[in-house]
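One file, data-v9.cif, carrying mmCIF, C-alpha atoms and all ligand atoms:
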```
data_input
#
loop_
_atom_site.label_atom_id
_atom_site.label_comp_id
_atom_site.auth_asym_id
_atom_site.auth_seq_id
_atom_site.Cartn_x
_atom_site.Cartn_y
_atom_site.Cartn_z
CA MET A 1 134.59 -33.32 198.25
CA THR A 2 135.36 -29.98 199.83
CA PRO A 3 132.33 -28.71 201.74
CA GLU A 4 130.87 -25.33 200.90
CA PRO A 5 132.49 -22.58 202.93
CA SER A 6 130.55 -20.98 205.73
CA LEU A 7 130.37 -17.27 206.32
CA GLY A 8 131.83 -15.59 209.38
CA VAL A 9 130.98 -12.05 210.38
CA ASP A 10 132.55 -9.89 213.09
CA ILE A 11 130.61 -6.80 214.21
CA GLY A 12 132.90 -4.86 216.53
CA GLY A 13 132.81 -1.36 217.95
CA THR A 14 135.36 -0.06 215.45
CA LYS A 15 135.23 -2.31 212.43
CA THR A 16 133.08 -4.96 210.79
CA ILE A 17 134.65 -7.94 209.02
CA ALA A 18 133.12 -10.66 206.86
CA ALA A 19 134.94 -13.64 205.36
CA LEU A 20 134.28 -17.04 203.85
CA ILE A 21 135.66 -19.69 206.20
CA GLN A 22 136.79 -23.19 205.27
CA GLY A 23 137.46 -25.13 208.48
CA GLY A 24 139.69 -22.75 210.41
CA ASP A 25 141.01 -20.98 207.35
CA PRO A 26 139.54 -17.62 206.50
CA GLY A 27 139.49 -16.46 202.90
CA PRO A 28 140.19 -12.83 202.04
CA SER A 29 138.27 -10.70 204.50
CA HIS A 30 136.00 -7.82 203.61
CA GLU A 31 136.30 -5.00 206.10
CA LEU A 32 134.58 -1.65 206.77
CA PRO A 33 134.57 0.80 209.67
CA THR A 34 131.51 0.12 211.87
CA PRO A 35 129.18 3.14 211.51
CA ALA A 36 128.62 3.08 215.28
CA SER A 37 127.57 6.71 215.67
CA ASP A 38 124.87 6.28 212.97
CA GLY A 39 122.94 3.85 215.20
CA ALA A 40 122.10 0.17 215.30
CA ASP A 41 120.18 0.00 212.01
CA ALA A 42 123.13 1.44 210.11
CA VAL A 43 125.55 -0.95 211.85
CA LEU A 44 123.38 -3.93 210.96
CA ALA A 45 122.77 -2.81 207.36
CA SER A 46 126.49 -2.30 206.82
CA ALA A 47 127.29 -5.74 208.26
CA VAL A 48 124.71 -7.50 206.11
CA GLU A 49 125.95 -5.71 202.99
CA LEU A 50 129.51 -6.73 203.78
CA ALA A 51 128.43 -10.34 204.37
CA LEU A 52 126.63 -10.47 201.02
CA ALA A 53 129.74 -9.09 199.30
CA ALA A 54 131.95 -11.70 200.99
CA ALA A 55 129.54 -14.51 200.06
CA GLY A 56 129.62 -13.57 196.37
CA ASP A 57 128.28 -16.44 194.25
CA HIS A 58 128.98 -19.15 196.85
CA ARG A 59 126.19 -21.27 198.24
CA ILE A 60 126.08 -20.40 201.94
CA ASP A 61 124.56 -22.94 204.31
CA HIS A 62 125.87 -21.46 207.56
CA VAL A 63 126.29 -17.90 208.71
CA GLY A 64 127.97 -17.21 212.05
CA VAL A 65 127.92 -13.70 213.48
CA GLY A 66 130.09 -12.59 216.38
CA ALA A 67 128.71 -9.31 217.70
CA ALA A 68 129.71 -6.89 220.44
CA GLY A 69 127.41 -6.78 223.45
CA VAL A 70 125.70 -9.34 225.64
CA ILE A 71 124.04 -11.70 223.18
CA ASP A 72 121.25 -14.20 223.76
CA HIS A 73 122.60 -16.84 221.39
CA SER A 74 119.27 -18.72 221.41
CA THR A 75 117.46 -15.78 219.79
CA GLY A 76 120.33 -13.81 218.24
CA ARG A 77 119.27 -10.62 220.02
CA VAL A 78 121.47 -8.08 221.78
CA LEU A 79 120.49 -8.05 225.45
CA SER A 80 122.70 -5.12 226.40
CA ALA A 81 125.61 -3.12 225.07
CA THR A 82 127.91 -0.32 226.11
CA THR A 83 128.08 3.19 224.67
CA ALA A 84 130.60 1.90 222.10
CA LEU A 85 127.56 0.94 219.98
CA PRO A 86 124.75 3.42 220.72
CA GLY A 87 121.26 1.89 220.40
CA TRP A 88 122.65 -1.64 219.95
CA GLN A 89 120.65 -3.05 222.87
CA GLY A 90 117.54 -4.89 221.66
CA THR A 91 118.81 -5.29 218.09
CA ASP A 92 117.65 -8.50 216.40
CA VAL A 93 120.89 -9.44 214.62
CA GLN A 94 119.66 -12.92 213.70
CA ALA A 95 116.52 -11.66 211.91
CA ALA A 96 118.54 -9.31 209.72
CA PHE A 97 120.93 -12.06 208.61
CA LYS A 98 118.09 -14.56 208.20
CA ALA A 99 116.39 -12.12 205.84
CA ALA A 100 119.58 -11.74 203.80
CA PHE A 101 120.45 -15.47 203.82
CA PRO A 102 117.04 -17.23 203.95
CA ASN A 103 118.45 -20.67 203.08
CA ALA A 104 121.23 -20.65 205.66
CA SER A 105 121.31 -21.44 209.35
CA VAL A 106 122.29 -18.31 211.26
CA GLN A 107 123.98 -18.29 214.66
CA VAL A 108 124.73 -15.09 216.56
CA VAL A 109 127.13 -15.13 219.51
CA ASN A 110 129.11 -12.62 221.53
CA ASP A 111 132.25 -11.58 219.63
CA VAL A 112 134.71 -12.45 222.38
CA GLN A 113 133.13 -15.89 222.79
CA ALA A 114 133.67 -16.39 219.04
CA PHE A 115 137.26 -15.15 219.36
CA THR A 116 138.01 -17.50 222.25
CA LEU A 117 136.42 -20.47 220.50
CA ALA A 118 138.54 -19.88 217.38
CA GLU A 119 141.75 -19.61 219.41
CA TRP A 120 140.85 -22.76 221.35
CA LEU A 121 140.11 -24.73 218.18
CA TYR A 122 142.89 -23.46 215.92
CA GLY A 123 145.11 -20.95 217.70
CA ALA A 124 146.97 -20.07 220.88
CA GLY A 125 144.49 -21.92 223.13
CA ARG A 126 144.68 -25.23 221.27
CA GLY A 127 144.62 -28.30 223.49
CA ALA A 128 143.97 -26.27 226.62
CA SER A 129 141.38 -27.29 229.17
CA THR A 130 140.73 -23.80 230.53
CA VAL A 131 141.13 -20.78 228.28
CA LEU A 132 140.38 -17.17 229.07
CA GLY A 133 140.08 -15.13 225.87
CA VAL A 134 140.46 -11.37 226.22
CA THR A 135 140.08 -8.81 223.46
CA ALA A 136 141.37 -5.32 224.09
CA GLY A 137 140.36 -2.74 221.52
CA THR A 138 137.59 -0.15 221.60
CA GLY A 139 136.57 -1.88 224.83
CA ILE A 140 137.86 -4.87 226.79
CA GLY A 141 135.93 -8.12 226.49
CA GLY A 142 136.44 -11.60 227.86
CA ALA A 143 135.12 -15.12 227.45
CA LEU A 144 135.82 -18.40 229.13
CA ILE A 145 136.01 -21.94 227.79
CA ILE A 146 136.36 -24.75 230.32
CA GLY A 147 136.57 -28.28 228.99
CA GLY A 148 134.95 -27.38 225.68
CA THR A 149 132.16 -25.39 227.24
CA ILE A 150 131.66 -21.71 226.65
CA HIS A 151 130.50 -20.43 229.99
CA CYS A 152 127.77 -17.91 229.34
CA GLY A 153 126.74 -17.54 232.97
CA ALA A 154 123.24 -17.12 234.35
CA THR A 155 122.38 -14.10 232.17
CA TYR A 156 124.73 -14.52 229.16
CA ALA A 157 127.05 -11.94 230.71
CA ALA A 158 129.93 -14.13 231.96
CA GLY A 159 133.46 -13.12 231.02
CA HIS A 160 133.19 -9.34 231.33
CA ILE A 161 136.75 -8.84 232.52
CA GLY A 162 136.71 -5.23 231.32
CA HIS A 163 134.44 -4.42 234.22
CA VAL A 164 136.48 -5.53 237.21
CA LEU A 165 137.59 -2.83 239.66
CA ILE A 166 141.19 -1.75 239.16
CA PRO A 167 143.40 0.39 241.43
CA GLY A 168 144.18 3.62 239.58
CA ALA A 169 140.87 3.66 237.72
CA GLU A 170 138.97 5.27 240.59
CA GLY A 171 136.61 7.99 239.44
CA ARG A 172 136.96 7.16 235.76
CA LEU A 173 133.66 6.58 233.96
CA CYS A 174 133.48 3.26 232.13
CA PRO A 175 131.41 2.85 228.92
CA CYS A 176 129.15 0.48 230.93
CA GLY A 177 128.05 3.44 233.09
CA LYS A 178 129.91 2.47 236.27
CA TYR A 179 133.18 3.88 237.61
CA GLY A 180 136.65 2.49 238.23
CA HIS A 181 136.58 -0.44 235.83
CA LEU A 182 139.52 -1.88 233.88
CA GLU A 183 138.05 -0.82 230.54
CA ALA A 184 138.04 2.81 231.71
CA VAL A 185 141.86 2.85 231.76
CA ALA A 186 143.19 0.03 229.57
CA SER A 187 141.08 0.02 226.38
CA GLY A 188 142.37 1.74 223.25
CA THR A 189 139.72 4.41 223.68
CA ALA A 190 140.64 5.03 227.32
CA MET A 191 144.37 5.24 226.68
CA THR A 192 143.84 7.68 223.81
CA GLU A 193 141.64 9.83 226.07
CA ARG A 194 144.23 9.79 228.83
CA TYR A 195 146.89 10.88 226.38
CA ARG A 196 144.70 13.81 225.29
CA GLU A 197 144.18 14.75 228.95
CA LEU A 198 147.94 15.24 229.13
CA GLY A 199 147.56 17.97 226.54
CA ARG A 200 148.69 15.88 223.55
CA ALA A 201 146.92 15.38 220.24
CA ALA A 202 145.76 11.90 219.20
CA GLU A 203 142.84 10.64 217.14
CA THR A 204 143.31 6.97 217.89
CA LEU A 205 145.55 4.60 219.81
CA ARG A 206 147.67 4.31 216.67
CA ASP A 207 148.71 7.95 217.16
CA VAL A 208 149.65 7.27 220.80
CA ALA A 209 151.64 4.19 219.75
CA HIS A 210 153.43 6.22 217.09
CA ALA A 211 154.29 8.93 219.63
CA ALA A 212 155.67 6.25 221.96
CA SER A 213 157.84 4.89 219.14
CA THR A 214 159.43 8.34 218.82
CA GLY A 215 160.27 8.37 222.52
CA ASP A 216 157.35 10.50 223.77
CA VAL A 217 157.37 10.08 227.55
CA ALA A 218 153.66 10.87 228.00
CA ALA A 219 152.70 8.23 225.43
CA HIS A 220 154.82 5.62 227.20
CA ALA A 221 153.29 6.55 230.54
CA VAL A 222 149.75 6.09 229.21
CA LEU A 223 150.51 2.77 227.51
CA ASP A 224 152.38 1.49 230.59
CA GLN A 225 149.48 2.45 232.84
CA GLY A 226 147.09 0.55 230.56
CA ALA A 227 149.35 -2.51 230.47
CA ASP A 228 149.74 -2.48 234.26
CA ALA A 229 145.97 -2.25 234.73
CA LEU A 230 145.26 -5.04 232.27
CA GLY A 231 147.93 -7.23 233.86
CA ALA A 232 146.48 -6.64 237.33
CA GLY A 233 143.04 -7.59 236.05
CA LEU A 234 144.29 -10.74 234.32
CA GLY A 235 146.33 -11.80 237.33
CA SER A 236 143.35 -11.36 239.66
CA ILE A 237 141.07 -13.37 237.39
CA ALA A 238 143.75 -16.04 236.99
CA ASN A 239 143.69 -16.52 240.75
CA VAL A 240 140.03 -17.46 240.42
CA LEU A 241 140.10 -19.51 237.21
CA ASP A 242 143.66 -20.93 237.10
CA PRO A 243 143.60 -21.00 233.27
CA ASP A 244 146.03 -23.00 231.14
CA VAL A 245 146.43 -19.92 229.02
CA ILE A 246 145.06 -16.41 228.54
CA VAL A 247 144.82 -15.43 224.88
CA LEU A 248 144.96 -11.72 224.09
CA GLY A 249 143.50 -10.25 220.93
CA GLY A 250 142.24 -6.94 219.58
CA GLY A 251 144.02 -3.81 218.42
CA VAL A 252 145.54 -2.98 221.81
CA ALA A 253 147.13 -6.43 221.99
CA ARG A 254 149.09 -5.57 218.84
CA LEU A 255 150.96 -2.75 220.61
CA GLY A 256 154.04 -4.91 220.55
CA ALA A 257 156.49 -6.93 222.62
CA ARG A 258 157.25 -4.21 225.18
CA TRP A 259 153.56 -3.73 226.03
CA LEU A 260 152.92 -7.50 226.20
CA GLU A 261 155.88 -8.06 228.51
CA ARG A 262 154.60 -5.30 230.77
CA VAL A 263 151.16 -7.00 230.89
CA ARG A 264 152.79 -10.35 231.75
CA THR A 265 154.93 -8.82 234.50
CA ALA A 266 151.96 -6.99 236.04
CA ALA A 267 149.85 -10.15 235.93
CA ASN A 268 152.50 -12.32 237.55
CA ALA A 269 152.92 -9.72 240.28
CA VAL A 270 149.33 -10.44 241.34
CA THR A 271 149.04 -14.22 240.96
CA ILE A 272 149.39 -16.51 243.94
CA PRO A 273 152.48 -18.79 244.05
CA ALA A 274 150.42 -21.89 243.22
CA ILE A 275 149.72 -20.50 239.74
CA GLY A 276 153.42 -20.39 238.88
CA GLN A 277 154.21 -18.57 235.63
CA LEU A 278 150.91 -17.45 234.11
CA ARG A 279 150.76 -18.02 230.34
CA ILE A 280 149.55 -14.96 228.46
CA GLU A 281 149.79 -15.38 224.68
CA GLU A 282 148.96 -13.29 221.67
CA SER A 283 146.14 -14.35 219.37
CA MET A 284 147.35 -16.54 216.51
CA LEU A 285 144.36 -15.91 214.25
CA GLY A 286 144.58 -12.14 214.46
CA ASN A 287 141.93 -10.09 212.69
CA ALA A 288 139.95 -13.11 211.50
CA ALA A 289 139.51 -14.83 214.87
CA VAL A 290 135.96 -13.64 215.57
CA ALA A 291 134.74 -14.49 212.06
CA VAL A 292 136.35 -17.96 212.26
CA GLY A 293 134.86 -18.70 215.69
CA ALA A 294 131.42 -17.42 214.72
CA SER A 295 131.39 -19.63 211.63
CA CYS A 296 132.24 -22.63 213.84
CA THR A 297 129.22 -22.00 216.05
CA ALA A 298 127.01 -21.86 212.96
CA ARG A 299 128.32 -25.19 211.67
CA GLY A 300 127.75 -26.93 214.98
CA ARG A 301 124.64 -26.80 217.12
CA GLY A 302 125.77 -23.52 218.53
CA PRO A 303 126.87 -22.71 222.05
CA ARG A 304 124.64 -23.79 224.91
CA MET A 305 124.51 -22.21 228.31
CA ASN A 306 127.19 -24.03 230.24
CA ALA A 307 126.93 -27.04 227.91
CA PRO A 308 129.60 -28.29 225.50
CA LEU A 309 129.76 -26.55 222.17
CA ALA A 310 129.15 -28.76 219.21
CA ALA A 311 131.85 -27.08 217.19
CA GLU A 312 133.61 -29.11 214.53
CA GLY A 313 135.99 -31.70 215.92
CA HIS A 314 135.16 -31.06 219.55
CA ARG A 315 132.43 -32.82 221.51
ZN ZN B 1 132.52 -1.05 233.14
#
```
Translate the structure of the given file into structure tokens.
Amino acid sequence: MTPEPSLGVDIGGTKTIAALIQGGDPGPSHELPTPASDGADAVLASAVELALAAAGDHRIDHVGVGAAGVIDHSTGRVLSATTALPGWQGTDVQAAFKAAFPNASVQVVNDVQAFTLAEWLYGAGRGASTVLGVTAGTGIGGALIIGGTIHCGATYAAGHIGHVLIPGAEGRLCPCGKYGHLEAVASGTAMTERYRELGRAAETLRDVAHAASTGDVAAHAVLDQGADALGAGLGSIANVLDPDVIVLGGGVARLGARWLERVRTAANAVTIPAIGQLRIEESMLGNAAVAVGASCTARGRGPRMNAPLAAEGHR
């Protein structure tokens, strides 16, 4: 008998996605822009509404939510968040979904942890012992799985690769409130801002990417600078972690082959010889990765601090 599907929800800085998940296979996803500027209550209400629409008439036993910010997965609360989601800190995500799905178990985890888990179980990180998952979009997030363990760190904050110091980012304000971090130059938001500083018009990274495709030199310069910065960050972290593979997801990671090659080259320029050729791969699950990973945490016992995840098929 086919088990009932579980529900996976992805609350990101730009968009919110909800989908029914069967194993690693997402059904059609429901998607809305995240009403970030309307505040945390609006973001949460929109996500719950989307989840209810995705659930339809199905019996839902498990709801997994991958949310931006530092998440205490034992309570489902947001411990801290950047300016990408104003007022998000302190939000009780679990309570809102519990109220909407009273008969289901609800697990809330950090969105990049969910992404990395999904890629490790079903995607580009399959079979790897050490996987660094990195999502580059509105911001730049990271998460680490070593031997089936999601490493949450001492304060749930492990994996924040967007906030390493990067040459060339000096003086640039990061959404976390500090200066000179990777996210301040390599996120979609940062690259779009840099492009505007060059006197060009762009609403989103898509506009910058389009300009680059028409041969706009300024657009290429901004994207190259972002790729170089991200590569330098990944290479530096690889020297510490020696991962089997780094899996890249998010909107920025879909900039295309030229951008990805530039990231790989910049990363390998930084790694020590012992690392050899660093593997940096694109996400295989794409848009649905966070929802898939979050649903896995809900079906298992959920991630423990530095203890193996009890996700399906992996103990
Ligand atoms: Zn930062």
Exercise. Which residues come within 7 Å of Val252 in chain A, counting all atoms listed in the file, excluding same-chain residues fewer than 3 positions away, as a ChimeraX atom specification?
Worked result: /A:136-137,188,255
Problem set entry | Selection as an MDAnalysis selection string: residues within 10 Å of ligand ZN 1 (chain B) by only C-alpha atoms and all ligand atoms | chainID A and resid 82 139:140 160:165 172:184
Problem set entry | Within 10 Å of file point (135.7, -19.2, 231.0), counting all atoms listed in the file, expressed as a PyMOL selection string | chain A and resi 113+116+130-133+142-153+158-159+241+243+306
Exercise. Which protein, DNA or RNA residues have an atom at most 12 Å from (132.3, -25.6, 199.5), counting only C-alpha atoms? List them as number ranges by chain.
Worked result: A: 1-7, 20-23, 55, 57-62
Restricting the output to C-alpha atoms, write the selected residues as an mmCIF file, in the frame of the given file.
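Saved as result-v4.cif:
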```
data_model
loop_
_atom_site.group_PDB
_atom_site.id
_atom_site.type_symbol
_atom_site.label_atom_id
_atom_site.label_comp_id
_atom_site.auth_asym_id
_atom_site.auth_seq_id
_atom_site.Cartn_x
_atom_site.Cartn_y
_atom_site.Cartn_z
ATOM 1 C CA MET A 1 134.590 -33.320 198.250
ATOM 2 C CA THR A 2 135.360 -29.980 199.830
ATOM 3 C CA PRO A 3 132.330 -28.710 201.740
ATOM 4 C CA GLU A 4 130.870 -25.330 200.900
ATOM 5 C CA PRO A 5 132.490 -22.580 202.930
ATOM 6 C CA SER A 6 130.550 -20.980 205.730
ATOM 7 C CA LEU A 7 130.370 -17.270 206.320
ATOM 8 C CA LEU A 20 134.280 -17.040 203.850
ATOM 9 C CA ILE A 21 135.660 -19.690 206.200
ATOM 10 C CA GLN A 22 136.790 -23.190 205.270
ATOM 11 C CA GLY A 23 137.460 -25.130 208.480
ATOM 12 C CA ALA A 55 129.540 -14.510 200.060
ATOM 13 C CA ASP A 57 128.280 -16.440 194.250
ATOM 14 C CA HIS A 58 128.980 -19.150 196.850
ATOM 15 C CA ARG A 59 126.190 -21.270 198.240
ATOM 16 C CA ILE A 60 126.080 -20.400 201.940
ATOM 17 C CA ASP A 61 124.560 -22.940 204.310
ATOM 18 C CA HIS A 62 125.870 -21.460 207.560
#
```
Exercise. So how far away is CA of Thr83 in chain A from CA of Ala54 in chain A, in Å?
Worked result: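 These atoms are spaced 28.2 Å apart.
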For this session: With a distance cut-off of 10 Å and only C-alpha atoms, select the neighbouring residues of Trp88 in chain A, excluding the residue or stretch itself and same-chain residues fewer than 6 positions from it, and output the selection as a PyMOL selection string.
Result: chain A and resi 36+39-41+43-44+68-69+77-82
Keeping only C-alpha atoms, write the selected residues to a file as a PDB file, keeping the file's coordinate frame.
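Now in selection.pdb:
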```
ATOM      1  CA  ALA A  36     128.620   3.080 215.280  1.00  0.00           C
ATOM      2  CA  GLY A  39     122.940   3.850 215.200  1.00  0.00           C
ATOM      3  CA  ALA A  40     122.100   0.170 215.300  1.00  0.00           C
ATOM      4  CA  ASP A  41     120.180   0.000 212.010  1.00  0.00           C
ATOM      5  CA  VAL A  43     125.550  -0.950 211.850  1.00  0.00           C
ATOM      6  CA  LEU A  44     123.380  -3.930 210.960  1.00  0.00           C
ATOM      7  CA  ALA A  68     129.710  -6.890 220.440  1.00  0.00           C
ATOM      8  CA  GLY A  69     127.410  -6.780 223.450  1.00  0.00           C
ATOM      9  CA  ARG A  77     119.270 -10.620 220.020  1.00  0.00           C
ATOM     10  CA  VAL A  78     121.470  -8.080 221.780  1.00  0.00           C
ATOM     11  CA  LEU A  79     120.490  -8.050 225.450  1.00  0.00           C
ATOM     12  CA  SER A  80     122.700  -5.120 226.400  1.00  0.00           C
ATOM     13  CA  ALA A  81     125.610  -3.120 225.070  1.00  0.00           C
ATOM     14  CA  THR A  82     127.910  -0.320 226.110  1.00  0.00           C
TER      15      THR A  82
END
```
Exercise. Could you state the separation of CA of Ala229 in chain A and CA of Arg279 in chain A in Å, given to one decimal place?
Worked result: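 Going from CA of Ala229 in chain A over to CA of Arg279 in chain A covers 17.1 Å.
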For this session: Excluding Ala288 in chain A and any residue of its chain fewer than 3 positions from it, enumerate the residues within 10 Å of it, using all atoms listed in the file, and give them as a ChimeraX atom specification.
Result: /A:8-10,17-19,21,24-29,115,118,284-285,291-293
Exercise. At what distance in Å, to one decimal, does CA of Leu117 in chain A lie from CA of Ile71 in chain A?
Worked result: 15.4 Å
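Look at Leu260 in chain A: the protein and nucleic acid residues within 12 Å of it, using all atoms listed in the file and passing over chain neighbours fewer than 2 places away, are A:Ala136, A:Leu223, A:Asp224, A:Gly226, A:Ala227, A:Asp228, A:Leu230, A:Gly231, A:Val247, A:Leu248, A:Gly249, A:Val252, A:Ala253, A:Arg254, A:Leu255, A:Gly256, A:Ala257, A:Arg258, A:Arg262, A:Val263, A:Arg264, A:Thr265, A:Ala266, A:Ala267, A:Arg279, A:Ile280, A:Glu281, A:Glu282, A:Ser283.
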Exercise. Between A:Val63, A:Ala114, A:Val106, A:Ala47, which one has atoms that come closest to Thr75 in chain A, using only C-alpha atoms?
Worked result: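 Going through A:Val63, A:Ala114, A:Val106, A:Ala47 one by one, the smallest distance to Thr75 in chain A is for A:Val106.
Residues lying within 8 Å of Thr204 in chain A, counting all atoms listed in the file and ignoring same-chain neighbours fewer than 4 positions away, are Gly188, Thr189, Thr192 and Val208 of chain A.
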Report, as JSON, the axis-aligned box around all atoms of range 276-292 of chain A present in the file, extended by 3 Å on each side; give centre and edge lengths in Å to one decimal place.
```
{"center_x": 144.5, "center_y": -15.2, "center_z": 225.2, "size_x": 25.5, "size_y": 16.3, "size_z": 33.4}
```
